[in-house]
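Remarks on the structure that follows.
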Amino acid sequence: MSIKKIIEGKKEWRAHVSRVKSLPQDYQIVYKEIQKYLFKVGPVELGEGIGLLSEILAFFEEGVAAGKGVLEVTGTDVAAFCDALIEDSKTYADLYQESVKQKIDKKK
């Protein structure tokens, strides 16, 4: 990765964080919990930029503009909301299971 891309990535991330900070407090709290959840459970594509996080942020901004509370937007089960977002995405857990399966298959 070139230095130029690293700098552009940092600028993009800082702009993203600034948008998050402009959300109402309840939205910020839920956004940060979603971010932690996704970083743990991790769709593999999440490491390729902030695409999904930007989509969530835009969705939250629409909710704010519509005058909705954050749980009206996500539902009361925020983990289920996250799971629905990544249900068709490959996760790090999937990669781990595949690697274990491959090791087992090699020993057969």
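Chain labels run A, B, ... following the order of the structure tokens; each chain numbers its residues from 1, and ligands are numbered from 1 in the order shown.
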### Task
Skip Pro43 of chain A itself and residues of its chain fewer than 6 positions away, then list as a ChimeraX atom specification all residues within 12 Å of it, counting only C-alpha atoms.
/A:35,37,49-53,82-95
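Computed from the coordinates, the atom CA of Val64 of chain A to atom CA of Glu8 of chain A distance equals 28.1 Å.
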### Selected residue of minimal separation from Val17 of chain A among A:Leu57, A:Phe81, A:Phe39, A:Met1, counting only C-alpha atoms
A:Leu57
Write out as an mmCIF file with N, CA and C atoms, in the first residue's frame all residues of chain A that backbone DSSP assigns to alpha helix (DSSP H).
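So out34.cif came out as:
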```cif
data_model
loop_
_atom_site.group_PDB
_atom_site.id
_atom_site.type_symbol
_atom_site.label_atom_id
_atom_site.label_comp_id
_atom_site.auth_asym_id
_atom_site.auth_seq_id
_atom_site.Cartn_x
_atom_site.Cartn_y
_atom_site.Cartn_z
ATOM 1 N N ILE A 3 1.957 5.227 0.378
ATOM 2 C CA ILE A 3 1.769 6.257 1.408
ATOM 3 C C ILE A 3 0.554 7.116 1.059
ATOM 4 N N LYS A 4 0.387 7.407 -0.219
ATOM 5 C CA LYS A 4 -0.747 8.221 -0.656
ATOM 6 C C LYS A 4 -2.072 7.560 -0.278
ATOM 7 N N LYS A 5 -2.173 6.260 -0.477
ATOM 8 C CA LYS A 5 -3.406 5.542 -0.127
ATOM 9 C C LYS A 5 -3.632 5.523 1.383
ATOM 10 N N ILE A 6 -2.565 5.391 2.136
ATOM 11 C CA ILE A 6 -2.671 5.401 3.600
ATOM 12 C C ILE A 6 -3.201 6.758 4.066
ATOM 13 N N ILE A 7 -2.639 7.822 3.515
ATOM 14 C CA ILE A 7 -3.074 9.176 3.888
ATOM 15 C C ILE A 7 -4.533 9.393 3.493
ATOM 16 N N GLU A 8 -4.905 8.967 2.289
ATOM 17 C CA GLU A 8 -6.294 9.102 1.848
ATOM 18 C C GLU A 8 -7.232 8.315 2.755
ATOM 19 N N GLY A 9 -6.810 7.125 3.151
ATOM 20 C CA GLY A 9 -7.609 6.300 4.053
ATOM 21 C C GLY A 9 -7.810 6.964 5.405
ATOM 22 N N LYS A 10 -6.750 7.580 5.913
ATOM 23 C CA LYS A 10 -6.859 8.283 7.200
ATOM 24 C C LYS A 10 -7.789 9.488 7.091
ATOM 25 N N LYS A 11 -7.705 10.219 5.995
ATOM 26 C CA LYS A 11 -8.596 11.363 5.794
ATOM 27 C C LYS A 11 -10.046 10.896 5.728
ATOM 28 N N GLU A 12 -10.263 9.822 5.003
ATOM 29 C CA GLU A 12 -11.611 9.272 4.876
ATOM 30 C C GLU A 12 -12.137 8.840 6.250
ATOM 31 N N TRP A 13 -11.292 8.175 7.038
ATOM 32 C CA TRP A 13 -11.699 7.719 8.368
ATOM 33 C C TRP A 13 -12.007 8.910 9.286
ATOM 34 N N ARG A 14 -11.157 9.934 9.248
ATOM 35 C CA ARG A 14 -11.394 11.118 10.087
ATOM 36 C C ARG A 14 -12.712 11.797 9.725
ATOM 37 N N ALA A 15 -13.009 11.894 8.443
ATOM 38 C CA ALA A 15 -14.277 12.492 8.007
ATOM 39 C C ALA A 15 -15.450 11.648 8.495
ATOM 40 N N HIS A 16 -15.276 10.335 8.444
ATOM 41 C CA HIS A 16 -16.312 9.409 8.917
ATOM 42 C C HIS A 16 -16.556 9.599 10.414
ATOM 43 N N VAL A 17 -15.485 9.658 11.180
ATOM 44 C CA VAL A 17 -15.593 9.838 12.632
ATOM 45 C C VAL A 17 -16.263 11.173 12.951
ATOM 46 N N SER A 18 -15.954 12.191 12.186
ATOM 47 C CA SER A 18 -16.573 13.501 12.384
ATOM 48 C C SER A 18 -18.085 13.422 12.173
ATOM 49 N N ARG A 19 -18.506 12.671 11.159
ATOM 50 C CA ARG A 19 -19.947 12.488 10.917
ATOM 51 C C ARG A 19 -20.599 11.749 12.076
ATOM 52 N N VAL A 20 -19.905 10.733 12.608
ATOM 53 C CA VAL A 20 -20.439 9.977 13.742
ATOM 54 C C VAL A 20 -20.629 10.917 14.932
ATOM 55 N N LYS A 21 -19.651 11.771 15.184
ATOM 56 C CA LYS A 21 -19.721 12.692 16.322
ATOM 57 C C LYS A 21 -20.837 13.718 16.178
ATOM 58 N N GLN A 25 -26.524 11.743 20.772
ATOM 59 C CA GLN A 25 -25.804 10.848 21.690
ATOM 60 C C GLN A 25 -26.284 9.409 21.616
ATOM 61 N N ASP A 26 -27.605 9.174 21.577
ATOM 62 C CA ASP A 26 -28.104 7.792 21.543
ATOM 63 C C ASP A 26 -27.670 7.074 20.273
ATOM 64 N N TYR A 27 -27.654 7.789 19.158
ATOM 65 C CA TYR A 27 -27.180 7.199 17.903
ATOM 66 C C TYR A 27 -25.685 6.891 17.982
ATOM 67 N N GLN A 28 -24.911 7.786 18.579
ATOM 68 C CA GLN A 28 -23.466 7.561 18.708
ATOM 69 C C GLN A 28 -23.182 6.301 19.516
ATOM 70 N N ILE A 29 -23.908 6.138 20.620
ATOM 71 C CA ILE A 29 -23.695 4.967 21.477
ATOM 72 C C ILE A 29 -23.977 3.683 20.707
ATOM 73 N N VAL A 30 -25.115 3.640 20.023
ATOM 74 C CA VAL A 30 -25.479 2.433 19.277
ATOM 75 C C VAL A 30 -24.512 2.210 18.118
ATOM 76 N N TYR A 31 -24.118 3.278 17.418
ATOM 77 C CA TYR A 31 -23.160 3.141 16.327
ATOM 78 C C TYR A 31 -21.857 2.521 16.822
ATOM 79 N N LYS A 32 -21.348 3.016 17.947
ATOM 80 C CA LYS A 32 -20.081 2.503 18.482
ATOM 81 C C LYS A 32 -20.206 1.040 18.893
ATOM 82 N N GLU A 33 -21.357 0.650 19.427
ATOM 83 C CA GLU A 33 -21.564 -0.752 19.783
ATOM 84 C C GLU A 33 -21.634 -1.626 18.531
ATOM 85 N N ILE A 34 -22.285 -1.128 17.492
ATOM 86 C CA ILE A 34 -22.337 -1.858 16.222
ATOM 87 C C ILE A 34 -20.934 -2.000 15.655
ATOM 88 N N GLN A 35 -20.173 -0.930 15.699
ATOM 89 C CA GLN A 35 -18.801 -0.961 15.188
ATOM 90 C C GLN A 35 -17.981 -2.015 15.937
ATOM 91 N N LYS A 36 -18.071 -2.030 17.272
ATOM 92 C CA LYS A 36 -17.334 -3.034 18.063
ATOM 93 C C LYS A 36 -17.774 -4.443 17.687
ATOM 94 N N TYR A 37 -19.082 -4.626 17.555
ATOM 95 C CA TYR A 37 -19.626 -5.944 17.211
ATOM 96 C C TYR A 37 -19.096 -6.408 15.859
ATOM 97 N N LEU A 38 -19.138 -5.515 14.881
ATOM 98 C CA LEU A 38 -18.680 -5.892 13.542
ATOM 99 C C LEU A 38 -17.181 -6.137 13.506
ATOM 100 N N PHE A 39 -16.409 -5.397 14.296
ATOM 101 C CA PHE A 39 -14.975 -5.634 14.338
ATOM 102 C C PHE A 39 -14.668 -6.987 14.977
ATOM 103 N N LYS A 40 -15.498 -7.421 15.932
ATOM 104 C CA LYS A 40 -15.305 -8.727 16.569
ATOM 105 C C LYS A 40 -15.758 -9.862 15.673
ATOM 106 N N VAL A 41 -16.990 -9.780 15.218
ATOM 107 C CA VAL A 41 -17.580 -10.846 14.409
ATOM 108 C C VAL A 41 -16.986 -10.810 13.018
ATOM 109 N N GLY A 51 -16.886 0.915 3.904
ATOM 110 C CA GLY A 51 -18.126 0.854 3.145
ATOM 111 C C GLY A 51 -19.348 0.539 3.979
ATOM 112 N N LEU A 52 -19.362 -0.583 4.682
ATOM 113 C CA LEU A 52 -20.515 -0.976 5.478
ATOM 114 C C LEU A 52 -20.764 0.028 6.602
ATOM 115 N N LEU A 53 -19.711 0.476 7.240
ATOM 116 C CA LEU A 53 -19.865 1.448 8.318
ATOM 117 C C LEU A 53 -20.424 2.765 7.789
ATOM 118 N N SER A 54 -20.021 3.169 6.606
ATOM 119 C CA SER A 54 -20.564 4.385 5.999
ATOM 120 C C SER A 54 -22.038 4.221 5.666
ATOM 121 N N GLU A 55 -22.407 3.032 5.212
ATOM 122 C CA GLU A 55 -23.815 2.763 4.916
ATOM 123 C C GLU A 55 -24.654 2.831 6.188
ATOM 124 N N ILE A 56 -24.146 2.278 7.270
ATOM 125 C CA ILE A 56 -24.854 2.332 8.553
ATOM 126 C C ILE A 56 -24.980 3.788 9.003
ATOM 127 N N LEU A 57 -23.903 4.536 8.867
ATOM 128 C CA LEU A 57 -23.912 5.942 9.258
ATOM 129 C C LEU A 57 -24.936 6.727 8.440
ATOM 130 N N ALA A 58 -24.978 6.506 7.155
ATOM 131 C CA ALA A 58 -25.960 7.194 6.298
ATOM 132 C C ALA A 58 -27.387 6.813 6.713
ATOM 133 N N PHE A 59 -27.587 5.547 7.031
ATOM 134 C CA PHE A 59 -28.890 5.064 7.500
ATOM 135 C C PHE A 59 -29.275 5.769 8.798
ATOM 136 N N PHE A 60 -28.320 5.920 9.693
ATOM 137 C CA PHE A 60 -28.559 6.619 10.956
ATOM 138 C C PHE A 60 -28.863 8.100 10.710
ATOM 139 N N GLU A 61 -28.127 8.711 9.803
ATOM 140 C CA GLU A 61 -28.375 10.123 9.495
ATOM 141 C C GLU A 61 -29.787 10.324 8.941
ATOM 142 N N GLU A 62 -30.260 9.364 8.140
ATOM 143 C CA GLU A 62 -31.634 9.425 7.636
ATOM 144 C C GLU A 62 -32.636 9.311 8.779
ATOM 145 N N GLY A 63 -32.333 8.437 9.744
ATOM 146 C CA GLY A 63 -33.195 8.281 10.912
ATOM 147 C C GLY A 63 -33.276 9.557 11.724
ATOM 148 N N VAL A 64 -32.141 10.209 11.906
ATOM 149 C CA VAL A 64 -32.105 11.475 12.635
ATOM 150 C C VAL A 64 -32.941 12.515 11.889
ATOM 151 N N ALA A 65 -32.742 12.599 10.572
ATOM 152 C CA ALA A 65 -33.477 13.576 9.761
ATOM 153 C C ALA A 65 -34.985 13.338 9.821
ATOM 154 N N VAL A 70 -33.023 6.047 17.789
ATOM 155 C CA VAL A 70 -32.126 5.047 17.196
ATOM 156 C C VAL A 70 -32.722 3.640 17.234
ATOM 157 N N LEU A 71 -33.427 3.296 18.305
ATOM 158 C CA LEU A 71 -33.999 1.946 18.381
ATOM 159 C C LEU A 71 -35.216 1.783 17.485
ATOM 160 N N GLU A 72 -35.796 2.882 17.034
ATOM 161 C CA GLU A 72 -36.838 2.811 16.015
ATOM 162 C C GLU A 72 -36.220 2.430 14.667
ATOM 163 N N VAL A 73 -34.975 2.819 14.486
ATOM 164 C CA VAL A 73 -34.258 2.551 13.234
ATOM 165 C C VAL A 73 -33.693 1.131 13.222
ATOM 166 N N THR A 74 -33.061 0.728 14.322
ATOM 167 C CA THR A 74 -32.390 -0.579 14.359
ATOM 168 C C THR A 74 -33.280 -1.695 14.893
ATOM 169 N N VAL A 78 -30.122 -4.938 18.775
ATOM 170 C CA VAL A 78 -29.106 -4.365 17.893
ATOM 171 C C VAL A 78 -28.192 -5.455 17.315
ATOM 172 N N ALA A 79 -27.928 -6.508 18.091
ATOM 173 C CA ALA A 79 -27.107 -7.610 17.574
ATOM 174 C C ALA A 79 -27.807 -8.296 16.398
ATOM 175 N N ALA A 80 -29.108 -8.474 16.490
ATOM 176 C CA ALA A 80 -29.865 -9.068 15.378
ATOM 177 C C ALA A 80 -29.817 -8.151 14.159
ATOM 178 N N PHE A 81 -29.867 -6.844 14.393
ATOM 179 C CA PHE A 81 -29.735 -5.873 13.308
ATOM 180 C C PHE A 81 -28.389 -6.069 12.599
ATOM 181 N N CYS A 82 -27.331 -6.205 13.391
ATOM 182 C CA CYS A 82 -25.988 -6.410 12.832
ATOM 183 C C CYS A 82 -25.901 -7.726 12.064
ATOM 184 N N ASP A 83 -26.439 -8.776 12.667
ATOM 185 C CA ASP A 83 -26.406 -10.085 12.017
ATOM 186 C C ASP A 83 -27.129 -10.052 10.672
ATOM 187 N N ALA A 84 -28.244 -9.327 10.615
ATOM 188 C CA ALA A 84 -28.982 -9.216 9.358
ATOM 189 C C ALA A 84 -28.152 -8.476 8.305
ATOM 190 N N LEU A 85 -27.358 -7.511 8.743
ATOM 191 C CA LEU A 85 -26.512 -6.765 7.799
ATOM 192 C C LEU A 85 -25.446 -7.643 7.159
ATOM 193 N N ILE A 86 -24.947 -8.597 7.927
ATOM 194 C CA ILE A 86 -23.804 -9.389 7.434
ATOM 195 C C ILE A 86 -24.178 -10.830 7.124
ATOM 196 N N TYR A 92 -14.847 -13.826 9.581
ATOM 197 C CA TYR A 92 -13.601 -14.452 10.011
ATOM 198 C C TYR A 92 -13.883 -15.806 10.672
ATOM 199 N N ALA A 93 -15.035 -15.940 11.301
ATOM 200 C CA ALA A 93 -15.413 -17.227 11.880
ATOM 201 C C ALA A 93 -15.582 -18.262 10.773
ATOM 202 N N ASP A 94 -16.166 -17.862 9.652
ATOM 203 C CA ASP A 94 -16.308 -18.771 8.508
ATOM 204 C C ASP A 94 -14.939 -19.209 7.996
ATOM 205 N N LEU A 95 -14.023 -18.258 7.879
ATOM 206 C CA LEU A 95 -12.671 -18.588 7.413
ATOM 207 C C LEU A 95 -11.984 -19.560 8.364
ATOM 208 N N TYR A 96 -12.168 -19.344 9.661
ATOM 209 C CA TYR A 96 -11.565 -20.221 10.657
ATOM 210 C C TYR A 96 -12.145 -21.629 10.543
ATOM 211 N N GLN A 97 -13.458 -21.725 10.408
ATOM 212 C CA GLN A 97 -14.091 -23.042 10.278
ATOM 213 C C GLN A 97 -13.607 -23.763 9.032
ATOM 214 N N GLU A 98 -13.445 -23.015 7.943
ATOM 215 C CA GLU A 98 -12.948 -23.617 6.708
ATOM 216 C C GLU A 98 -11.525 -24.138 6.881
ATOM 217 N N SER A 99 -10.679 -23.367 7.578
ATOM 218 C CA SER A 99 -9.287 -23.798 7.763
ATOM 219 C C SER A 99 -9.217 -25.038 8.648
ATOM 220 N N VAL A 100 -10.061 -25.101 9.670
ATOM 221 C CA VAL A 100 -10.098 -26.289 10.534
ATOM 222 C C VAL A 100 -10.556 -27.493 9.723
ATOM 223 N N LYS A 101 -11.585 -27.309 8.912
ATOM 224 C CA LYS A 101 -12.103 -28.401 8.081
ATOM 225 C C LYS A 101 -11.023 -28.899 7.117
ATOM 226 N N GLN A 102 -10.269 -27.969 6.526
ATOM 227 C CA GLN A 102 -9.201 -28.356 5.608
ATOM 228 C C GLN A 102 -8.120 -29.159 6.325
ATOM 229 N N LYS A 103 -7.772 -28.766 7.544
ATOM 230 C CA LYS A 103 -6.775 -29.501 8.317
ATOM 231 C C LYS A 103 -7.255 -30.917 8.631
ATOM 232 N N ILE A 104 -8.511 -31.020 8.974
ATOM 233 C CA ILE A 104 -9.086 -32.336 9.277
ATOM 234 C C ILE A 104 -9.104 -33.195 8.024
ATOM 235 N N ASP A 105 -9.510 -32.605 6.892
ATOM 236 C CA ASP A 105 -9.564 -33.352 5.641
ATOM 237 C C ASP A 105 -8.179 -33.817 5.213
ATOM 238 N N LYS A 106 -7.138 -33.047 5.495
ATOM 239 C CA LYS A 106 -5.768 -33.439 5.118
ATOM 240 C C LYS A 106 -5.293 -34.636 5.942
ATOM 241 N N LYS A 107 -5.775 -34.732 7.178
ATOM 242 C CA LYS A 107 -5.333 -35.825 8.045
ATOM 243 C C LYS A 107 -6.072 -37.115 7.756
#
```
